[in-house]
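Asker: What follows is my_file-v9.pdb, made up of PDB, C-alpha atoms:
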```pdb
ATOM      1  CA  MET A  15      -1.602 -43.799  17.811
ATOM      2  CA  SER A  16       0.693 -46.087  15.972
ATOM      3  CA  ASP A  17       1.397 -43.581  13.182
ATOM      4  CA  GLY A  18       5.151 -43.392  13.655
ATOM      5  CA  VAL A  19       5.125 -42.764  17.389
ATOM      6  CA  GLY A  20       7.456 -45.200  19.119
ATOM      7  CA  GLY A  21       6.554 -45.809  22.739
ATOM      8  CA  PHE A  22       4.353 -44.437  25.460
ATOM      9  CA  LYS A  23       6.253 -41.252  26.325
ATOM     10  CA  PRO A  24       6.368 -39.821  22.767
ATOM     11  CA  ALA A  25       2.673 -40.602  22.350
ATOM     12  CA  MET A  26       1.882 -38.963  25.693
ATOM     13  CA  TRP A  27       3.818 -35.825  24.737
ATOM     14  CA  ARG A  28       1.983 -35.642  21.442
ATOM     15  CA  VAL A  29      -1.365 -35.725  23.249
ATOM     16  CA  ILE A  30      -0.272 -33.169  25.881
ATOM     17  CA  LEU A  31       1.056 -30.746  23.277
ATOM     18  CA  ALA A  32      -2.018 -31.077  21.031
ATOM     19  CA  ALA A  33      -4.355 -30.570  23.996
ATOM     20  CA  ALA A  34      -2.357 -27.589  25.280
ATOM     21  CA  ALA A  35      -2.459 -25.959  21.828
ATOM     22  CA  TYR A  36      -6.248 -26.501  21.609
ATOM     23  CA  TYR A  37      -6.847 -24.972  25.046
ATOM     24  CA  LYS A  38      -4.347 -22.127  24.596
ATOM     25  CA  GLU A  39      -6.048 -21.075  21.364
ATOM     26  CA  SER A  40      -9.494 -21.463  22.967
ATOM     27  CA  CYS A  41      -8.469 -19.335  25.958
ATOM     28  CA  ALA A  42      -7.140 -16.613  23.670
ATOM     29  CA  ARG A  43     -10.447 -16.519  21.731
ATOM     30  CA  GLY A  44     -12.753 -17.112  24.699
ATOM     31  CA  VAL A  45     -14.557 -19.871  22.811
ATOM     32  CA  ALA A  46     -13.641 -23.378  21.733
ATOM     33  CA  GLU A  47     -14.647 -25.604  18.889
ATOM     34  CA  CYS A  48     -16.532 -28.554  20.349
ATOM     35  CA  PRO A  49     -14.588 -31.753  19.550
ATOM     36  CA  GLY A  50     -17.922 -33.574  19.298
ATOM     37  CA  CYS A  51     -19.922 -31.407  16.885
ATOM     38  CA  ALA A  52     -17.618 -28.495  15.877
ATOM     39  CA  ARG A  53     -19.962 -25.813  17.282
ATOM     40  CA  HIS A  54     -18.338 -22.850  18.990
ATOM     41  CA  VAL A  55     -18.963 -22.965  22.734
ATOM     42  CA  PRO A  56     -17.772 -20.777  25.621
ATOM     43  CA  ILE A  57     -14.954 -22.038  27.785
ATOM     44  CA  GLY A  58     -14.878 -22.149  31.561
ATOM     45  CA  ARG A  59     -11.773 -21.549  33.662
ATOM     46  CA  GLY A  60     -10.946 -22.073  37.293
ATOM     47  CA  LEU A  61     -12.339 -24.437  39.897
ATOM     48  CA  ASP A  62     -15.591 -26.302  39.364
ATOM     49  CA  PRO A  63     -16.792 -26.824  42.950
ATOM     50  CA  ALA A  64     -20.417 -27.092  41.746
ATOM     51  CA  ALA A  65     -19.654 -30.342  39.946
ATOM     52  CA  PRO A  66     -20.922 -33.352  41.882
ATOM     53  CA  ARG A  67     -18.243 -35.539  43.471
ATOM     54  CA  GLY A  68     -17.038 -38.111  40.969
ATOM     55  CA  ALA A  69     -18.383 -36.104  38.013
ATOM     56  CA  SER A  70     -14.966 -34.709  37.190
ATOM     57  CA  PRO A  71     -11.494 -35.771  38.253
ATOM     58  CA  LEU A  72     -10.612 -32.062  38.045
ATOM     59  CA  ARG A  73     -13.456 -30.892  40.314
ATOM     60  CA  ASP A  74     -11.158 -29.133  42.798
ATOM     61  CA  VAL A  75      -8.345 -28.372  40.353
ATOM     62  CA  PRO A  76      -7.916 -25.141  38.360
ATOM     63  CA  ALA A  77      -8.789 -26.210  34.838
ATOM     64  CA  VAL A  78     -10.051 -25.100  31.445
ATOM     65  CA  ARG A  79     -13.385 -26.701  30.635
ATOM     66  CA  VAL A  80     -15.345 -27.032  27.409
ATOM     67  CA  GLY A  81     -18.913 -28.290  27.638
ATOM     68  CA  CYS A  82     -21.225 -28.339  24.645
ATOM     69  CA  PRO A  83     -24.919 -27.931  25.449
ATOM     70  CA  ALA A  84     -25.875 -29.099  21.940
ATOM     71  CA  CYS A  85     -24.195 -32.514  21.830
ATOM     72  CA  GLY A  86     -23.227 -32.990  25.494
ATOM     73  CA  PHE A  87     -19.508 -33.430  24.754
ATOM     74  CA  SER A  88     -17.319 -32.289  27.651
ATOM     75  CA  VAL A  89     -13.524 -32.007  27.953
ATOM     76  CA  GLU A  90     -11.178 -30.374  30.429
ATOM     77  CA  ILE A  91      -7.500 -29.953  31.140
ATOM     78  CA  GLY A  92      -5.923 -29.118  34.480
ATOM     79  CA  LEU A  93      -3.582 -26.217  35.021
ATOM     80  CA  GLU A  94      -0.742 -28.659  35.813
ATOM     81  CA  ALA A  95      -1.010 -30.220  32.344
ATOM     82  CA  LEU A  96      -1.032 -26.790  30.693
ATOM     83  CA  ALA A  97       2.067 -25.851  32.701
ATOM     84  CA  LEU A  98       3.744 -29.139  31.810
ATOM     85  CA  ALA A  99       3.346 -28.363  28.096
ATOM     86  CA  LEU A 100       5.564 -25.271  28.391
ATOM     87  CA  PRO A 101       9.030 -25.633  26.843
ATOM     88  CA  GLU A 102      10.681 -24.916  30.225
ATOM     89  CA  ALA A 103       8.669 -27.664  31.929
ATOM     90  CA  ARG A 104       9.372 -30.172  29.150
ATOM     91  CA  ARG A 105      13.095 -29.385  29.459
ATOM     92  CA  PHE A 106      12.872 -29.720  33.244
ATOM     93  CA  TRP A 107      11.238 -33.143  32.879
ATOM     94  CA  ARG A 108      13.939 -34.258  30.413
ATOM     95  CA  GLU A 109      16.643 -33.148  32.855
ATOM     96  CA  HIS A 110      14.780 -34.623  35.851
ATOM     97  CA  PRO A 111      12.857 -37.688  34.608
ATOM     98  CA  ARG A 112      11.764 -38.477  38.156
ATOM     99  CA  MET A 113       9.715 -35.434  39.082
ATOM    100  CA  ARG A 114       6.394 -34.629  40.676
ATOM    101  CA  THR A 115       3.859 -31.834  40.875
ATOM    102  CA  LEU A 116       4.014 -29.939  44.143
ATOM    103  CA  PRO A 117       0.753 -29.691  46.047
ATOM    104  CA  PRO A 118      -0.936 -27.449  46.802
ATOM    105  CA  ARG A 119      -1.041 -24.783  44.154
ATOM    106  CA  ARG A 120      -0.247 -21.473  45.827
ATOM    107  CA  GLU A 121      -2.250 -18.323  45.204
ATOM    108  CA  VAL A 122      -0.149 -15.147  45.116
ATOM    109  CA  GLU A 123      -0.406 -11.595  43.848
ATOM    110  CA  VAL A 124       1.884 -10.385  41.067
ATOM    111  CA  GLY A 125       1.782  -6.699  40.218
ATOM    112  CA  GLY A 126      -1.772  -6.395  41.543
ATOM    113  CA  THR A 127      -2.957  -9.477  39.648
ATOM    114  CA  ALA A 128      -4.195 -12.621  41.377
ATOM    115  CA  ALA A 129      -1.993 -15.509  40.293
ATOM    116  CA  ILE A 130      -1.448 -19.231  40.828
ATOM    117  CA  VAL A 131       1.943 -20.899  41.246
ATOM    118  CA  THR A 132       2.160 -24.447  39.907
ATOM    119  CA  GLY A 133       5.346 -26.156  41.054
ATOM    120  CA  PHE A 134       7.311 -29.207  39.975
ATOM    121  CA  GLU A 135      10.280 -30.730  41.754
ATOM    122  CA  SER A 136      12.862 -33.376  41.078
ATOM    123  CA  ILE A 137      12.436 -36.506  43.182
ATOM    124  CA  GLY A 138      15.701 -37.198  44.964
ATOM    125  CA  GLY A 139      17.148 -33.827  43.997
ATOM    126  CA  ARG A 140      16.692 -30.186  44.871
ATOM    127  CA  ALA A 141      15.762 -28.808  41.467
ATOM    128  CA  ARG A 142      12.416 -27.062  41.249
ATOM    129  CA  LEU A 143      10.350 -25.289  38.606
ATOM    130  CA  ASP A 144       7.547 -22.818  39.381
ATOM    131  CA  VAL A 145       5.078 -21.665  36.741
ATOM    132  CA  VAL A 146       3.126 -18.504  37.567
ATOM    133  CA  THR A 147      -0.146 -17.856  35.741
ATOM    134  CA  THR A 148      -3.017 -15.437  36.248
ATOM    135  CA  ARG A 149      -5.717 -16.979  38.416
ATOM    136  CA  ASP A 150      -8.656 -16.153  36.166
ATOM    137  CA  THR A 151      -7.300 -16.588  32.628
ATOM    138  CA  PHE A 152      -4.248 -18.828  33.213
ATOM    139  CA  GLU A 153      -2.118 -16.404  31.181
ATOM    140  CA  LEU A 154       1.575 -17.151  31.719
ATOM    141  CA  LEU A 155       3.291 -14.528  33.866
ATOM    142  CA  ALA A 156       6.648 -16.151  34.666
ATOM    143  CA  VAL A 157       8.636 -19.374  34.968
ATOM    144  CA  TYR A 158      11.202 -19.681  37.760
ATOM    145  CA  SER A 159      13.763 -22.405  38.298
ATOM    146  CA  SER A 160      15.935 -23.387  41.217
ATOM    147  CA  GLY A 161      18.710 -25.852  40.642
ATOM    148  CA  PRO A 162      20.217 -26.299  37.184
ATOM    149  CA  ALA A 163      19.049 -23.557  34.805
ATOM    150  CA  VAL A 164      16.231 -24.557  32.487
ATOM    151  CA  GLY A 165      15.681 -21.302  30.666
ATOM    152  CA  VAL A 166      13.743 -18.997  32.953
ATOM    153  CA  ARG A 167      11.114 -16.842  31.302
ATOM    154  CA  ARG A 168       9.490 -13.670  32.653
TER
END
```
What would the structure in this file look like if it were written as structure tokens?

Answerer:
Amino acid sequence: MSDGVGGFKPAMWRVILAAAAYYKESCARGVAECPGCARHVPIGRGLDPAAPRGASPLRDVPAVRVGCPACGFSVEIGLEALALALPEARRFWREHPRMRTLPPRREVEVGGTAAIVTGFESIGGRARLDVVTTRDTFELLAVYSSGPAVGVRR
């Protein structure tokens, strides 16, 4: 990744944004293009408790998964990374460079829909950002901020 990207953080953001775009498009279509062989394969969302321990770092984390039965290629992205790719979360991280993801993810109900709250907070401050997505499809429902405004979306 030395094609004009200067430093770790810009390279990391490029990867996060590219991955988030790939998964967002795949979620909208319900299928993904396998990065290994370009076949269209179904996506999986949610927890993967059936995965053997050690098989996936995201075993107990809500994630989007793509597994190709033809070539065996497998990729996944956790809900926290998808939330971090949102403009509000990127702005929050710029304003609060020392931040962390809040465990655990909270399950709530929003207008009769099961949802997950993914939270981030400033380390050493009181600013917080909560991203609310549907539990089953990870569709964005709302972004809430406490502390300095970061552009709340509903």

Asker: Identify which of the residues A:Ala32, A:Val78, A:Val55, A:Val146 lies closest to A:Arg119, counting only C-alpha atoms when measuring atom-to-atom distances.

Answerer: A:Val146

Asker: The PyMOL selection byres ((chain A and resi 89) around 12) on the file shown: which residues, as an NGL selection string?

Answerer: :A and (33 or 36-37 or 46-50 or 55 or 57-58 or 69-72 or 77-82 or 86-88 or 90-92)

Asker: If the PyMOL selection byres ((chain A and resi 158) around 6) is run on the structure shown, which residues does it catch, given as a list of chain:residue names?

Answerer: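 Evaluating the PyMOL selection byres ((chain A and resi 158) around 6) on this file yields A:Leu143, A:Asp144, A:Val157, A:Ser159, A:Val166.
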
Asker: Save the residues we just selected, C-alpha atoms, as a compact mmCIF listing (two decimals), keeping the file's coordinate frame?

Answerer:
```
# COMPACT_ATOMS: atom_id res chain seq x y z
CA LEU A 143 10.35 -25.29 38.61
CA ASP A 144 7.55 -22.82 39.38
CA VAL A 157 8.64 -19.37 34.97
CA SER A 159 13.76 -22.40 38.30
CA VAL A 166 13.74 -19.00 32.95
```

Asker: Using only C-alpha atoms, find the one residue out of A:Ala95, A:Ala34, A:Leu155, A:Cys51 that sits nearest to A:Ala128.

Answerer: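 Between A:Ala95, A:Ala34, A:Leu155, A:Cys51, the residue approaching A:Ala128 most closely is A:Leu155.
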
Asker: Counting all atoms listed in the file, which of A:Gly60, A:Gly133, A:Gly21, A:Pro117 gets nearest to A:Thr148?

Answerer: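 Between A:Gly60, A:Gly133, A:Gly21, A:Pro117, the residue approaching A:Thr148 most closely is A:Gly60.
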
Asker: Between atom CA of A:Cys85 and atom CA of A:Arg53, what is the distance in Å, rounded to a tenth?

Answerer: 9.1 Å

Asker: What is the atom CA of A:Trp27 to atom CA of A:Gly44 distance in Å?

Answerer: 25.0 Å

Asker: How many Å separate atom CA of A:Pro76 from atom CA of A:Leu93?

Answerer: 5.6 Å

Asker: Tell me which of A:Ala156, A:Ala42, A:Glu109, A:Val145 sits closest to A:Glu94, counting only C-alpha atoms.

Answerer: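 Result for the nearest residue to A:Glu94: A:Val145.
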
Asker: Run the PyMOL selection byres ((chain A and resi 140) around 12) on the file and write out the hits as a list in words.

Answerer: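 What the PyMOL selection byres ((chain A and resi 140) around 12) grabs from the file is His110, Arg112, Met113, Arg114, Phe134, Glu135, Ser136, Ile137, Gly138, Gly139, Ala141, Arg142, Leu143, Ser159, Ser160, Gly161 and Pro162 of chain A.
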
Asker: So which one's closest to A:Leu98, A:Ala52, A:Glu39, A:Thr115, A:Pro24? Using all atoms listed in the file, please.

Answerer: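 Nearest candidate to A:Leu98 out of A:Ala52, A:Glu39, A:Thr115, A:Pro24: A:Thr115.
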
Asker: For each of A:Arg108, A:His54, A:Arg43, A:Arg120, take the minimum atom-to-atom distance to A:Arg149, counting all atoms listed in the file, then give the residue where this is smallest.

Answerer: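 Ranked by minimum distance to A:Arg149, first place goes to A:Arg120.
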
Asker: Around all of stretch 102-121 of chain A's listed atoms, make the axis-aligned box with 4 Å on each side and tell me centre and edge lengths in Å to one decimal, as AutoDock Vina command-line options.

Answerer:
```
--center_x 7.2 --center_y -28.4 --center_z 38.0 --size_x 26.9 --size_y 28.2 --size_z 25.7
```

Asker: Kindly output stretch 114-133 of chain A as a short mmCIF file (atom, residue, chain, number, x, y, z; two decimals), in the frame of the given file, after building N, CA and C atoms.

Answerer:
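Everything below was put into rebuild.cif:
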```cif
data_model
loop_
_atom_site.label_atom_id
_atom_site.label_comp_id
_atom_site.auth_asym_id
_atom_site.auth_seq_id
_atom_site.Cartn_x
_atom_site.Cartn_y
_atom_site.Cartn_z
N ARG A 114 7.79 -34.60 40.24
CA ARG A 114 6.39 -34.63 40.68
C ARG A 114 5.86 -33.20 40.72
N THR A 115 4.53 -33.11 40.70
CA THR A 115 3.86 -31.83 40.88
C THR A 115 3.80 -31.55 42.37
N LEU A 116 4.05 -30.33 42.73
CA LEU A 116 4.01 -29.94 44.14
C LEU A 116 2.60 -29.52 44.54
N PRO A 117 2.04 -30.19 45.53
CA PRO A 117 0.75 -29.69 46.05
C PRO A 117 1.04 -28.78 47.24
N PRO A 118 0.19 -27.92 47.60
CA PRO A 118 -0.94 -27.45 46.80
C PRO A 118 -0.48 -26.32 45.90
N ARG A 119 -1.32 -25.96 44.97
CA ARG A 119 -1.04 -24.78 44.15
C ARG A 119 -1.15 -23.57 45.08
N ARG A 120 -0.23 -22.65 44.96
CA ARG A 120 -0.25 -21.47 45.83
C ARG A 120 -0.84 -20.29 45.08
N GLU A 121 -1.72 -19.56 45.78
CA GLU A 121 -2.25 -18.32 45.20
C GLU A 121 -1.41 -17.17 45.72
N VAL A 122 -0.99 -16.29 44.79
CA VAL A 122 -0.15 -15.15 45.12
C VAL A 122 -0.69 -13.93 44.36
N GLU A 123 -0.07 -12.79 44.60
CA GLU A 123 -0.41 -11.60 43.85
C GLU A 123 0.86 -11.12 43.15
N VAL A 124 0.75 -10.84 41.86
CA VAL A 124 1.88 -10.38 41.07
C VAL A 124 1.48 -9.08 40.39
N GLY A 125 2.09 -8.00 40.82
CA GLY A 125 1.78 -6.70 40.22
C GLY A 125 0.30 -6.35 40.29
N GLY A 126 -0.36 -6.70 41.39
CA GLY A 126 -1.77 -6.40 41.54
C GLY A 126 -2.70 -7.40 40.90
N THR A 127 -2.15 -8.45 40.32
CA THR A 127 -2.96 -9.48 39.65
C THR A 127 -2.94 -10.76 40.46
N ALA A 128 -4.11 -11.33 40.68
CA ALA A 128 -4.20 -12.62 41.38
C ALA A 128 -3.58 -13.69 40.49
N ALA A 129 -2.73 -14.51 41.08
CA ALA A 129 -1.99 -15.51 40.29
C ALA A 129 -1.95 -16.84 41.04
N ILE A 130 -1.61 -17.88 40.29
CA ILE A 130 -1.45 -19.23 40.83
C ILE A 130 -0.04 -19.71 40.49
N VAL A 131 0.63 -20.30 41.47
CA VAL A 131 1.94 -20.90 41.25
C VAL A 131 1.76 -22.41 41.18
N THR A 132 2.17 -22.99 40.08
CA THR A 132 2.16 -24.45 39.91
C THR A 132 3.61 -24.90 39.94
N GLY A 133 3.96 -25.77 40.88
CA GLY A 133 5.35 -26.16 41.05
C GLY A 133 5.61 -27.61 40.71
#
```
